[in-house]
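Enquirer: Mind having a look at this structure? Questions to follow.
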Amino acid sequence: MAEIKVYGLTTCPHCKKAIEYLKKIGADFEVVYIDKLEGEDRKKVIDEVYKISGSYSVPLIVKGDKFVLGYVEGKIRELLE
Amino acid sequence: MKVEDYIKEGGIFERVAKKRGWYLNPDKELVRSFAEGLLENKKRYGMAICPCRLATGKKEIDRKIVCPCTYAEDDIKEYGKCYCGLYLSKDGEIEDKAIPDRHFEYYL
């Protein structure tokens with residue numbers, strides 16, 4: 001299991017930027033694309049996103065019990081430190 | 001419809017911004033990515049749905065988030081940008097921070 005989990009949408013520009021940034025810095029991460037899921041799987045993940053962040057927004061970048069909502073390089077860097 | 005139809009000078013994005021009294025995000029790379037996302041959603045759902053939001057597949061609900069979404073006016077007034085940050089209230093960079101989604105009730 002990767003150290004970092006990213007919840008996003010395949011169409012979301014901010015998700016793309018966050019993923020590019022994580023790649024650039026060589027982070028160990030996996031991505032869950034919510035729009036690729038259907039039915040119960042999708043509901044389950046949407047629930048998960050809300051439980052973690054109190055929001056349905058993406059990208060949601062999670063490391064352990066900490067998270068960053070949105071593509072904010074400084075905050076992502078802090079999260080990974 | 002092509003990406004260029006959205007992003008070119010006098011294209012869809014510029015025309016919408018002008019008509020509504022908004023500004024377009026100055027990040028050209030990001031704006032291109034919005035256009036790509038909108039076109040992908042148009043292909044998938046038949047509507048140019050906001051690329052930062054999850055479509056439900058129910059037309060009456062998804063219609064609310066066709067770009068520019070029905071929440072854009074309020075978000076731009078309150079937060080200085082629309083939910084996805086394509087349209088802004090002023091010309092220039094704004095705080096890169098996620099804002100609450102007024103459409104959230106339809107996701108579950």
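Chain lettering (A, B, ...) mirrors the order of the structure tokens, residue numbering begins at 1 for each chain separately, and ligand numbering begins at 1 in order of display.
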Quick check for you: according to DSSP on this backbone, which residues of chain A are classed as strand (DSSP E or B)? Reply as an MDAnalysis selection string.

Expert: chainID A and resid 4:8 29:33 60:63 66:69

Enquirer: Considering only C-alpha atoms, return as an MDAnalysis selection string whatever protein or nucleic-acid residues lie within 9 Å of segment 31-35 of chain A, sequence-local ones (same chain, fewer than 3 positions apart) excluded.

Expert: (chainID A and resid 4:11 19 38 41:42 45:46) or (chainID B and resid 54:55)

Enquirer: Select, as a list in words, those residues of chain B with any atom no more than 9 Å from chain A (distances computed using only C-alpha atoms).

Expert: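 Interface list for chain B against chain A: Leu30, Val31, Arg32, Ser33, Phe34, Glu36, Gly37, Leu38, Glu40, Asn41, Cys50, Pro51, Cys52, Arg53, Leu54, Ala55, Cys84, Asp96, Lys97, Ala98, Ile99, Pro100, Asp101, Phe104, Tyr107 and Leu108 of chain B.
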
Enquirer: Would you export the selected residues with N, CA and C atoms as a PDB file, in the first residue's frame, please?

Expert:
ATOM      1  N   LEU B  30      -3.639  25.807 -16.917  1.00  0.00           N
ATOM      2  CA  LEU B  30      -4.797  25.339 -16.154  1.00  0.00           C
ATOM      3  C   LEU B  30      -6.086  25.514 -16.971  1.00  0.00           C
ATOM      4  N   VAL B  31      -6.193  26.650 -17.643  1.00  0.00           N
ATOM      5  CA  VAL B  31      -7.385  26.949 -18.448  1.00  0.00           C
ATOM      6  C   VAL B  31      -7.523  25.935 -19.584  1.00  0.00           C
ATOM      7  N   ARG B  32      -6.384  25.574 -20.190  1.00  0.00           N
ATOM      8  CA  ARG B  32      -6.414  24.547 -21.246  1.00  0.00           C
ATOM      9  C   ARG B  32      -6.913  23.215 -20.670  1.00  0.00           C
ATOM     10  N   SER B  33      -6.447  22.909 -19.473  1.00  0.00           N
ATOM     11  CA  SER B  33      -6.833  21.665 -18.826  1.00  0.00           C
ATOM     12  C   SER B  33      -8.341  21.660 -18.498  1.00  0.00           C
ATOM     13  N   PHE B  34      -8.885  22.824 -18.143  1.00  0.00           N
ATOM     14  CA  PHE B  34     -10.339  22.931 -17.922  1.00  0.00           C
ATOM     15  C   PHE B  34     -11.092  22.599 -19.209  1.00  0.00           C
ATOM     16  N   GLU B  36     -10.087  20.815 -21.700  1.00  0.00           N
ATOM     17  CA  GLU B  36      -9.970  19.375 -21.984  1.00  0.00           C
ATOM     18  C   GLU B  36     -10.962  18.572 -21.129  1.00  0.00           C
ATOM     19  N   GLY B  37     -11.067  18.954 -19.847  1.00  0.00           N
ATOM     20  CA  GLY B  37     -11.992  18.269 -18.946  1.00  0.00           C
ATOM     21  C   GLY B  37     -13.442  18.456 -19.364  1.00  0.00           C
ATOM     22  N   LEU B  38     -13.766  19.668 -19.781  1.00  0.00           N
ATOM     23  CA  LEU B  38     -15.140  19.942 -20.228  1.00  0.00           C
ATOM     24  C   LEU B  38     -15.488  19.126 -21.468  1.00  0.00           C
ATOM     25  N   GLU B  40     -14.125  16.313 -22.370  1.00  0.00           N
ATOM     26  CA  GLU B  40     -14.222  14.900 -21.976  1.00  0.00           C
ATOM     27  C   GLU B  40     -15.608  14.628 -21.382  1.00  0.00           C
ATOM     28  N   ASN B  41     -16.069  15.543 -20.514  1.00  0.00           N
ATOM     29  CA  ASN B  41     -17.397  15.360 -19.907  1.00  0.00           C
ATOM     30  C   ASN B  41     -18.516  15.469 -20.943  1.00  0.00           C
ATOM     31  N   CYS B  50     -18.810  20.674 -15.260  1.00  0.00           N
ATOM     32  CA  CYS B  50     -17.617  21.139 -14.540  1.00  0.00           C
ATOM     33  C   CYS B  50     -16.648  19.963 -14.333  1.00  0.00           C
ATOM     34  N   PRO B  51     -15.406  20.093 -14.788  1.00  0.00           N
ATOM     35  CA  PRO B  51     -14.467  18.970 -14.685  1.00  0.00           C
ATOM     36  C   PRO B  51     -14.029  18.647 -13.257  1.00  0.00           C
ATOM     37  N   CYS B  52     -14.342  19.545 -12.332  1.00  0.00           N
ATOM     38  CA  CYS B  52     -13.934  19.327 -10.932  1.00  0.00           C
ATOM     39  C   CYS B  52     -15.048  18.685 -10.119  1.00  0.00           C
ATOM     40  N   ARG B  53     -16.141  18.366 -10.777  1.00  0.00           N
ATOM     41  CA  ARG B  53     -17.275  17.790 -10.056  1.00  0.00           C
ATOM     42  C   ARG B  53     -17.667  16.441 -10.624  1.00  0.00           C
ATOM     43  N   LEU B  54     -18.367  15.699  -9.771  1.00  0.00           N
ATOM     44  CA  LEU B  54     -18.789  14.363 -10.136  1.00  0.00           C
ATOM     45  C   LEU B  54     -20.191  14.408 -10.743  1.00  0.00           C
ATOM     46  N   ALA B  55     -20.304  13.943 -11.982  1.00  0.00           N
ATOM     47  CA  ALA B  55     -21.629  13.886 -12.614  1.00  0.00           C
ATOM     48  C   ALA B  55     -22.403  12.707 -12.047  1.00  0.00           C
ATOM     49  N   CYS B  84     -14.367  25.660  -9.317  1.00  0.00           N
ATOM     50  CA  CYS B  84     -13.163  25.061  -9.906  1.00  0.00           C
ATOM     51  C   CYS B  84     -12.055  26.083 -10.134  1.00  0.00           C
ATOM     52  N   ASP B  96      -4.935  29.933  -3.513  1.00  0.00           N
ATOM     53  CA  ASP B  96      -5.166  28.590  -4.037  1.00  0.00           C
ATOM     54  C   ASP B  96      -5.729  27.709  -2.933  1.00  0.00           C
ATOM     55  N   LYS B  97      -7.014  27.781  -2.755  1.00  0.00           N
ATOM     56  CA  LYS B  97      -7.644  27.072  -1.647  1.00  0.00           C
ATOM     57  C   LYS B  97      -8.985  26.506  -2.125  1.00  0.00           C
ATOM     58  N   ALA B  98      -9.276  25.272  -1.727  1.00  0.00           N
ATOM     59  CA  ALA B  98     -10.548  24.668  -2.135  1.00  0.00           C
ATOM     60  C   ALA B  98     -11.694  25.375  -1.408  1.00  0.00           C
ATOM     61  N   ILE B  99     -12.797  25.563  -2.113  1.00  0.00           N
ATOM     62  CA  ILE B  99     -13.958  26.203  -1.491  1.00  0.00           C
ATOM     63  C   ILE B  99     -15.088  25.181  -1.364  1.00  0.00           C
ATOM     64  N   PRO B 100     -16.031  25.410  -0.447  1.00  0.00           N
ATOM     65  CA  PRO B 100     -17.111  24.422  -0.273  1.00  0.00           C
ATOM     66  C   PRO B 100     -17.931  24.255  -1.552  1.00  0.00           C
ATOM     67  N   ASP B 101     -18.420  23.045  -1.745  1.00  0.00           N
ATOM     68  CA  ASP B 101     -19.179  22.741  -2.954  1.00  0.00           C
ATOM     69  C   ASP B 101     -20.680  22.854  -2.672  1.00  0.00           C
ATOM     70  N   PHE B 104     -22.921  19.673  -3.220  1.00  0.00           N
ATOM     71  CA  PHE B 104     -22.541  18.425  -2.540  1.00  0.00           C
ATOM     72  C   PHE B 104     -23.718  17.499  -2.243  1.00  0.00           C
ATOM     73  N   TYR B 107     -24.250  14.313  -4.422  1.00  0.00           N
ATOM     74  CA  TYR B 107     -23.223  13.307  -4.661  1.00  0.00           C
ATOM     75  C   TYR B 107     -23.556  11.930  -4.106  1.00  0.00           C
ATOM     76  N   LEU B 108     -24.390  11.889  -3.072  1.00  0.00           N
ATOM     77  CA  LEU B 108     -24.653  10.584  -2.452  1.00  0.00           C
ATOM     78  C   LEU B 108     -25.985   9.994  -2.877  1.00  0.00           C
TER      79      LEU B 108
END

Enquirer: I need the residues of segment 22-64 of chain A that end up classed as alpha helix (DSSP H) by DSSP on the backbone, written out as a PyMOL selection string.

Expert: chain A and resi 22-24+39-53

Enquirer: Give me the residues within 7 Å of segment 64-68 of chain B as a list in words, counting only C-alpha atoms and dropping any in the same chain fewer than 5 places off.

Expert: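 Surrounding residues, per the criterion: Met47, Ala48, Ile49 and Cys50 of chain B.
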
Enquirer: If we count only C-alpha atoms, what is near Met1 of chain B at a cut-off of 9 Å, once residues fewer than 4 positions away on the same chain are taken out, given as a ChimeraX atom specification?

Expert: /B:5-6,39

Enquirer: Just the selected residues (C-alpha atoms), exported as a PDB file, in the first residue's frame, please.

Expert:
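And here's selection.pdb as it stands now:
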ATOM      1  CA  ASP B   5     -12.856  26.959 -29.246  1.00  0.00           C
ATOM      2  CA  TYR B   6     -12.805  27.456 -25.498  1.00  0.00           C
ATOM      3  CA  LEU B  39     -14.777  18.284 -23.620  1.00  0.00           C
TER       4      LEU B  39
END
